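Novice: Take this structure, written in structure tokens, and hold onto it; I'll ask about it next.
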Amino acid sequence: MANLPFTLRQLDVFASLSSTRSFRRTAENLGISQASVSNQIKTLEEQLGVVLFDRKPGRRPTLRAEGLAFLDDLREFQRACETLANHRRHHPENAETVTMFKVLVGQGMFDAYIRRKLDSFFAAHPLFELEFEAQLPFGQLVRAVESGRYDFALINQRADLQVPEGFREVAMVSGGIYGHKKYIKGHKLPMSPAELNGLPFILPKATSKQEREVLRNYEKHGIYPRHVVGHTQYYDVMAAMLERGLGVASLSDAILPASMRKEVVQLIGMENWRLLYYRNDRGTDTKYDTVENFLLSSVLDDPDYPAIGRNWP
């Protein structure tokens, strides 16, 4: 076999960083230093002769077009490796094999409700492996699921939008415009559109489809932001800005960590948000049942999850 311009370790680091979009989380997941993660990615890019990630101080690394293409090909490579690995089954006939499931989930949901319960799940199910991928805009999430690459998905969607084929609603949470409680001084809740128009707004990534959708939705409610103080595609960053009183933003109640809910309040109610669930096997595999129960109970049975309605179990 010809010399390849990468090592398997570099591919592991690249795949993890593509999923977490955090050098710190990747280092924690792989048990290496952040410097090692950075060096592995830098070396991989040098050996390939392309830049895979945009890296800017104070911002999460994001995949460039070359990185997205490399990630797609890496998934094909991983599937080929899994096919080759299946040839070992003839060794001990009674050997136990690990079952791996790929899960698409929002980073905020993963960090707040799922991640901290994984240790108990893995201890109880040593032959299960869950690989999580997160932090894509909603439209891309649906397209990613439609590609068939994932076994499960948990994503949020405004309740006024049509539920995509193959998904089902498992819960509902409140939605609206949220901001620091300092903004309600001298006002009654809910605030009027005219009162809101004068506040500083935080919007999704500038010129993105998500920003256009948010602005169109504001317009439906008579809200026209006159002062935009920032753009971000990361809801954890948006929530942190709300807590610091830097602006107001439209989101679902589930995005806010429980620790913020005393300082950040709903200024006006808008469309509620659905929690949508997807399962690839259509309910035919009992192993999927185990993972389904873990994923949904991790979120819906958590006392901090602010559901106003649920359709599970």
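Chain labels follow the order of the structure tokens: the first chain is A, the next B, and so on; residue numbering restarts at 1 in every chain, and ligands are counted from 1 in their shown order.
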So that I can check the secondary structure, give me every residue of segment 19-257 of chain A assigned alpha helix (DSSP H) by backbone DSSP, as a ChimeraX atom specification.
Specialist: /A:19-20,23-30,34-48,65-85,107-109,118-124,138-146,193-197,209-220,235-243
Novice: When you draw a straight line from atom CA of Gly106 of chain A to atom CA of Ile202 of chain A, how long is it in Å?
Specialist: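 Computed distance, atom CA of Gly106 of chain A to atom CA of Ile202 of chain A, equals 19.4 Å.
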Novice: Between A:Val51, A:Met270, A:Leu84, A:Leu8, which has the minimum distance to Asn217 of chain A (counting only C-alpha atoms)?
Specialist: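 Result for the nearest residue to Asn217 of chain A: A:Met270.
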Novice: Which neighbours of Leu44 of chain A fall inside 9 Å, counting only C-alpha atoms, when residues of the same chain fewer than 6 positions from it are skipped, and could you give them as a CSV table (one decimal) with C-alpha atoms, in the first residue's frame?
Specialist:
chain,number,residue,atom,x,y,z
A,5,PRO,CA,-0.5,11.4,3.9
A,6,PHE,CA,-2.0,10.9,7.4
A,7,THR,CA,-2.0,8.5,10.3
A,10,GLN,CA,-4.6,12.1,13.0
A,11,LEU,CA,-7.9,10.8,11.6
A,14,PHE,CA,-9.8,15.2,13.1
A,50,VAL,CA,-5.0,22.0,2.5
A,52,LEU,CA,-9.3,21.9,7.0
Novice: Excluding Gln162 of chain A and residues on its chain fewer than 4 positions from it, collect all residues at most 12 Å away from it, counting only C-alpha atoms, and give them as a ChimeraX atom specification.
Specialist: /A:142,157-158,166-169,273-274,276
Novice: Take atom CA of Leu199 of chain A and atom CA of His221 of chain A and report the distance between them in Å, one decimal.
Specialist: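 So the answer is 15.5 Å.
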Novice: Report the residues of segment 35-241 of chain A whose backbone DSSP state falls under strand (DSSP E), written as a PDB file with N, CA and C atoms, in the first residue's frame.
Specialist:
ATOM      1  N   PHE A  53      -9.612  23.506   8.798  1.00  0.00           N
ATOM      2  CA  PHE A  53     -10.404  24.274   9.763  1.00  0.00           C
ATOM      3  C   PHE A  53     -10.073  25.758   9.673  1.00  0.00           C
ATOM      4  N   ASP A  54     -11.100  26.583   9.886  1.00  0.00           N
ATOM      5  CA  ASP A  54     -10.880  27.996  10.163  1.00  0.00           C
ATOM      6  C   ASP A  54     -10.681  28.125  11.669  1.00  0.00           C
ATOM      7  N   THR A  62     -14.067  25.901  12.892  1.00  0.00           N
ATOM      8  CA  THR A  62     -15.144  25.496  11.985  1.00  0.00           C
ATOM      9  C   THR A  62     -14.544  24.877  10.730  1.00  0.00           C
ATOM     10  N   LEU A  63     -15.214  23.873  10.206  1.00  0.00           N
ATOM     11  CA  LEU A  63     -14.729  23.185   9.024  1.00  0.00           C
ATOM     12  C   LEU A  63     -14.864  24.075   7.789  1.00  0.00           C
ATOM     13  N   THR A  99     -21.258  -2.841  19.702  1.00  0.00           N
ATOM     14  CA  THR A  99     -22.186  -2.238  18.754  1.00  0.00           C
ATOM     15  C   THR A  99     -22.071  -0.718  18.846  1.00  0.00           C
ATOM     16  N   MET A 100     -21.830  -0.086  17.710  1.00  0.00           N
ATOM     17  CA  MET A 100     -21.639   1.364  17.680  1.00  0.00           C
ATOM     18  C   MET A 100     -22.830   2.050  17.030  1.00  0.00           C
ATOM     19  N   PHE A 101     -23.314   3.119  17.674  1.00  0.00           N
ATOM     20  CA  PHE A 101     -24.422   3.912  17.156  1.00  0.00           C
ATOM     21  C   PHE A 101     -23.958   5.349  16.972  1.00  0.00           C
ATOM     22  N   LYS A 102     -24.374   5.962  15.874  1.00  0.00           N
ATOM     23  CA  LYS A 102     -24.056   7.358  15.606  1.00  0.00           C
ATOM     24  C   LYS A 102     -25.282   8.215  15.918  1.00  0.00           C
ATOM     25  N   VAL A 103     -25.057   9.262  16.707  1.00  0.00           N
ATOM     26  CA  VAL A 103     -26.150  10.093  17.199  1.00  0.00           C
ATOM     27  C   VAL A 103     -25.903  11.545  16.816  1.00  0.00           C
ATOM     28  N   LEU A 104     -26.898  12.166  16.206  1.00  0.00           N
ATOM     29  CA  LEU A 104     -26.846  13.589  15.872  1.00  0.00           C
ATOM     30  C   LEU A 104     -27.680  14.333  16.900  1.00  0.00           C
ATOM     31  N   VAL A 105     -27.075  15.311  17.578  1.00  0.00           N
ATOM     32  CA  VAL A 105     -27.762  15.989  18.665  1.00  0.00           C
ATOM     33  C   VAL A 105     -27.172  17.388  18.806  1.00  0.00           C
ATOM     34  N   PHE A 128     -21.794  -1.362  24.158  1.00  0.00           N
ATOM     35  CA  PHE A 128     -22.389  -0.305  23.350  1.00  0.00           C
ATOM     36  C   PHE A 128     -21.410   0.854  23.260  1.00  0.00           C
ATOM     37  N   GLU A 129     -21.312   1.431  22.064  1.00  0.00           N
ATOM     38  CA  GLU A 129     -20.514   2.635  21.866  1.00  0.00           C
ATOM     39  C   GLU A 129     -21.385   3.677  21.173  1.00  0.00           C
ATOM     40  N   LEU A 130     -21.414   4.890  21.713  1.00  0.00           N
ATOM     41  CA  LEU A 130     -22.198   5.978  21.140  1.00  0.00           C
ATOM     42  C   LEU A 130     -21.248   7.057  20.636  1.00  0.00           C
ATOM     43  N   GLU A 131     -21.396   7.402  19.370  1.00  0.00           N
ATOM     44  CA  GLU A 131     -20.581   8.469  18.771  1.00  0.00           C
ATOM     45  C   GLU A 131     -21.502   9.638  18.462  1.00  0.00           C
ATOM     46  N   PHE A 132     -21.220  10.788  19.096  1.00  0.00           N
ATOM     47  CA  PHE A 132     -22.093  11.952  18.967  1.00  0.00           C
ATOM     48  C   PHE A 132     -21.510  12.970  17.994  1.00  0.00           C
ATOM     49  N   GLU A 133     -22.400  13.604  17.235  1.00  0.00           N
ATOM     50  CA  GLU A 133     -22.026  14.719  16.372  1.00  0.00           C
ATOM     51  C   GLU A 133     -23.047  15.826  16.584  1.00  0.00           C
ATOM     52  N   PHE A 152     -29.565   7.727  15.282  1.00  0.00           N
ATOM     53  CA  PHE A 152     -30.505   8.505  16.095  1.00  0.00           C
ATOM     54  C   PHE A 152     -30.255   9.993  15.874  1.00  0.00           C
ATOM     55  N   ALA A 153     -31.288  10.794  16.135  1.00  0.00           N
ATOM     56  CA  ALA A 153     -31.130  12.243  16.111  1.00  0.00           C
ATOM     57  C   ALA A 153     -32.114  12.858  17.094  1.00  0.00           C
ATOM     58  N   LEU A 154     -31.666  13.910  17.791  1.00  0.00           N
ATOM     59  CA  LEU A 154     -32.508  14.711  18.667  1.00  0.00           C
ATOM     60  C   LEU A 154     -32.241  16.173  18.320  1.00  0.00           C
ATOM     61  N   ILE A 155     -33.235  16.858  17.766  1.00  0.00           N
ATOM     62  CA  ILE A 155     -33.030  18.238  17.354  1.00  0.00           C
ATOM     63  C   ILE A 155     -34.257  19.074  17.713  1.00  0.00           C
ATOM     64  N   ASN A 156     -34.059  20.392  17.788  1.00  0.00           N
ATOM     65  CA  ASN A 156     -35.140  21.320  18.097  1.00  0.00           C
ATOM     66  C   ASN A 156     -35.651  21.980  16.823  1.00  0.00           C
ATOM     67  N   GLN A 157     -36.953  22.256  16.798  1.00  0.00           N
ATOM     68  CA  GLN A 157     -37.572  22.901  15.640  1.00  0.00           C
ATOM     69  C   GLN A 157     -38.739  23.760  16.110  1.00  0.00           C
ATOM     70  N   ARG A 158     -38.878  24.950  15.523  1.00  0.00           N
ATOM     71  CA  ARG A 158     -40.021  25.793  15.857  1.00  0.00           C
ATOM     72  C   ARG A 158     -41.320  25.063  15.549  1.00  0.00           C
ATOM     73  N   PHE A 167     -39.235  11.917  11.431  1.00  0.00           N
ATOM     74  CA  PHE A 167     -39.103  12.430  12.788  1.00  0.00           C
ATOM     75  C   PHE A 167     -40.446  12.337  13.509  1.00  0.00           C
ATOM     76  N   ARG A 168     -40.384  12.368  14.830  1.00  0.00           N
ATOM     77  CA  ARG A 168     -41.605  12.496  15.615  1.00  0.00           C
ATOM     78  C   ARG A 168     -41.364  13.432  16.794  1.00  0.00           C
ATOM     79  N   GLU A 169     -42.412  14.139  17.164  1.00  0.00           N
ATOM     80  CA  GLU A 169     -42.316  15.067  18.287  1.00  0.00           C
ATOM     81  C   GLU A 169     -42.374  14.290  19.597  1.00  0.00           C
ATOM     82  N   VAL A 170     -41.418  14.551  20.496  1.00  0.00           N
ATOM     83  CA  VAL A 170     -41.424  13.880  21.798  1.00  0.00           C
ATOM     84  C   VAL A 170     -41.628  14.855  22.947  1.00  0.00           C
ATOM     85  N   ALA A 171     -41.483  16.159  22.684  1.00  0.00           N
ATOM     86  CA  ALA A 171     -41.702  17.141  23.750  1.00  0.00           C
ATOM     87  C   ALA A 171     -41.904  18.521  23.130  1.00  0.00           C
ATOM     88  N   MET A 172     -42.410  19.438  23.957  1.00  0.00           N
ATOM     89  CA  MET A 172     -42.594  20.821  23.558  1.00  0.00           C
ATOM     90  C   MET A 172     -42.051  21.713  24.668  1.00  0.00           C
ATOM     91  N   VAL A 173     -41.353  22.789  24.267  1.00  0.00           N
ATOM     92  CA  VAL A 173     -40.859  23.763  25.244  1.00  0.00           C
ATOM     93  C   VAL A 173     -41.230  25.163  24.776  1.00  0.00           C
ATOM     94  N   GLY A 175     -40.962  29.072  23.697  1.00  0.00           N
ATOM     95  CA  GLY A 175     -40.042  29.838  22.878  1.00  0.00           C
ATOM     96  C   GLY A 175     -40.414  31.301  22.907  1.00  0.00           C
ATOM     97  N   GLY A 176     -39.463  32.159  22.633  1.00  0.00           N
ATOM     98  CA  GLY A 176     -39.725  33.584  22.621  1.00  0.00           C
ATOM     99  C   GLY A 176     -38.437  34.367  22.575  1.00  0.00           C
ATOM    100  N   ILE A 177     -38.514  35.629  22.941  1.00  0.00           N
ATOM    101  CA  ILE A 177     -37.325  36.476  23.034  1.00  0.00           C
ATOM    102  C   ILE A 177     -36.936  36.575  24.500  1.00  0.00           C
ATOM    103  N   TYR A 178     -35.676  36.255  24.780  1.00  0.00           N
ATOM    104  CA  TYR A 178     -35.174  36.222  26.141  1.00  0.00           C
ATOM    105  C   TYR A 178     -34.100  37.290  26.332  1.00  0.00           C
ATOM    106  N   GLY A 179     -34.004  37.765  27.568  1.00  0.00           N
ATOM    107  CA  GLY A 179     -32.979  38.739  27.894  1.00  0.00           C
ATOM    108  C   GLY A 179     -32.779  38.825  29.393  1.00  0.00           C
ATOM    109  N   HIS A 180     -31.745  39.532  29.803  1.00  0.00           N
ATOM    110  CA  HIS A 180     -31.452  39.715  31.224  1.00  0.00           C
ATOM    111  C   HIS A 180     -32.614  40.455  31.887  1.00  0.00           C
ATOM    112  N   PRO A 200     -30.935  45.938  22.411  1.00  0.00           N
ATOM    113  CA  PRO A 200     -29.844  45.362  21.611  1.00  0.00           C
ATOM    114  C   PRO A 200     -30.121  43.891  21.314  1.00  0.00           C
ATOM    115  N   PHE A 201     -30.010  43.486  20.049  1.00  0.00           N
ATOM    116  CA  PHE A 201     -30.327  42.124  19.641  1.00  0.00           C
ATOM    117  C   PHE A 201     -29.064  41.345  19.280  1.00  0.00           C
ATOM    118  N   ILE A 202     -29.118  40.049  19.584  1.00  0.00           N
ATOM    119  CA  ILE A 202     -28.091  39.094  19.156  1.00  0.00           C
ATOM    120  C   ILE A 202     -28.745  38.182  18.119  1.00  0.00           C
ATOM    121  N   LEU A 203     -28.157  38.091  16.937  1.00  0.00           N
ATOM    122  CA  LEU A 203     -28.737  37.320  15.839  1.00  0.00           C
ATOM    123  C   LEU A 203     -27.835  36.154  15.466  1.00  0.00           C
ATOM    124  N   HIS A 227     -31.022  47.703  16.647  1.00  0.00           N
ATOM    125  CA  HIS A 227     -29.657  47.725  17.190  1.00  0.00           C
ATOM    126  C   HIS A 227     -29.168  46.282  17.357  1.00  0.00           C
ATOM    127  N   VAL A 228     -28.285  45.848  16.485  1.00  0.00           N
ATOM    128  CA  VAL A 228     -27.730  44.488  16.544  1.00  0.00           C
ATOM    129  C   VAL A 228     -26.327  44.573  17.131  1.00  0.00           C
ATOM    130  N   VAL A 229     -26.102  43.864  18.237  1.00  0.00           N
ATOM    131  CA  VAL A 229     -24.814  43.952  18.935  1.00  0.00           C
ATOM    132  C   VAL A 229     -23.897  42.766  18.645  1.00  0.00           C
ATOM    133  N   GLY A 230     -24.416  41.745  17.977  1.00  0.00           N
ATOM    134  CA  GLY A 230     -23.553  40.606  17.690  1.00  0.00           C
ATOM    135  C   GLY A 230     -24.262  39.527  16.910  1.00  0.00           C
ATOM    136  N   HIS A 231     -23.457  38.690  16.243  1.00  0.00           N
ATOM    137  CA  HIS A 231     -23.955  37.529  15.509  1.00  0.00           C
ATOM    138  C   HIS A 231     -23.194  36.298  15.994  1.00  0.00           C
TER     139      HIS A 231
END
Novice: I want to know what sits within 12 Å of Ala27 of chain A, based on only C-alpha atoms, with residues of the same chain fewer than 2 positions away left out; could you give that as a list in words?
Specialist: Asp12, Val13, Phe14, Ser16, Leu17, Thr20, Arg21, Ser22, Phe23, Arg24, Arg25, Asn29, Leu30, Gly31, Ile32, Ser33, Gln34, Ala35, Ser36, Val37, Ser38, Asn39 and Gln40 of chain A
Novice: Write to file, as a short mmCIF file (atom, residue, chain, number, x, y, z; two decimals), in the first residue's frame, the residues of the selection just made, with C-alpha atoms.
Specialist:
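Done, and the output landed in out-v6.cif:
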data_model
loop_
_atom_site.label_atom_id
_atom_site.label_comp_id
_atom_site.auth_asym_id
_atom_site.auth_seq_id
_atom_site.Cartn_x
_atom_site.Cartn_y
_atom_site.Cartn_z
CA ASP A 12 -9.24 10.16 15.10
CA VAL A 13 -8.26 13.66 16.20
CA PHE A 14 -9.79 15.22 13.07
CA SER A 16 -13.34 14.24 17.16
CA LEU A 17 -12.57 17.92 16.53
CA THR A 20 -16.91 18.73 19.25
CA ARG A 21 -15.55 21.88 17.57
CA SER A 22 -13.52 22.31 20.73
CA PHE A 23 -9.80 21.63 21.23
CA ARG A 24 -10.44 21.19 24.95
CA ARG A 25 -13.26 18.66 24.53
CA ASN A 29 -12.26 12.72 24.86
CA LEU A 30 -8.98 11.33 23.50
CA GLY A 31 -6.97 11.62 26.71
CA ILE A 32 -4.29 13.88 25.19
CA SER A 33 -3.24 17.51 25.61
CA GLN A 34 -4.76 20.42 23.69
CA ALA A 35 -1.30 21.11 22.29
CA SER A 36 -1.20 17.57 20.91
CA VAL A 37 -4.62 18.06 19.26
CA SER A 38 -3.40 21.29 17.64
CA ASN A 39 -0.16 19.67 16.46
CA GLN A 40 -1.95 16.64 15.01
#
Novice: Let me make sure I understand: among A:Val98, A:Phe122, A:Ser174, A:Ala240, which one has the smallest atom-to-atom distance to Gly309 of chain A if we use only C-alpha atoms?
Specialist: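 Closest residue, counting only C-alpha atoms: A:Ser174.
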Novice: Identify, on the basis of only C-alpha atoms, every residue whose closest approach to Glu292 of chain A does not exceed 9 Å; exclude the query and any residue fewer than 4 positions from it along the same chain; express the result as a list in words.
Specialist: Phe152, Arg279, Lys287, Tyr288, Leu296 and Ser297 of chain A
Novice: Convert the current residue selection to file output with N, CA and C atoms, as a short mmCIF file (atom, residue, chain, number, x, y, z; two decimals), in the first residue's frame.
Specialist:
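And here is the file that came out, again.cif:
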data_model
loop_
_atom_site.label_atom_id
_atom_site.label_comp_id
_atom_site.auth_asym_id
_atom_site.auth_seq_id
_atom_site.Cartn_x
_atom_site.Cartn_y
_atom_site.Cartn_z
N PHE A 152 -29.56 7.73 15.28
CA PHE A 152 -30.50 8.50 16.09
C PHE A 152 -30.25 9.99 15.87
N ARG A 279 -35.18 7.78 14.67
CA ARG A 279 -34.57 6.46 14.91
C ARG A 279 -34.54 5.72 13.57
N LYS A 287 -31.66 -3.60 20.36
CA LYS A 287 -30.51 -2.82 20.80
C LYS A 287 -30.79 -1.33 20.68
N TYR A 288 -31.54 -0.97 19.64
CA TYR A 288 -31.93 0.43 19.48
C TYR A 288 -32.82 0.88 20.65
N LEU A 296 -33.68 9.54 25.38
CA LEU A 296 -34.89 10.28 25.70
C LEU A 296 -35.05 10.50 27.20
N SER A 297 -34.73 9.49 28.00
CA SER A 297 -34.84 9.68 29.45
C SER A 297 -33.80 10.67 29.96
#
Novice: With only C-alpha atoms as the basis for distance, which of A:Gly222, A:Ser298, A:Leu242, A:Glu213 is at the shortest distance from Leu161 of chain A?
Specialist: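 Of A:Gly222, A:Ser298, A:Leu242, A:Glu213, the one nearest Leu161 of chain A is A:Glu213, counting only C-alpha atoms.
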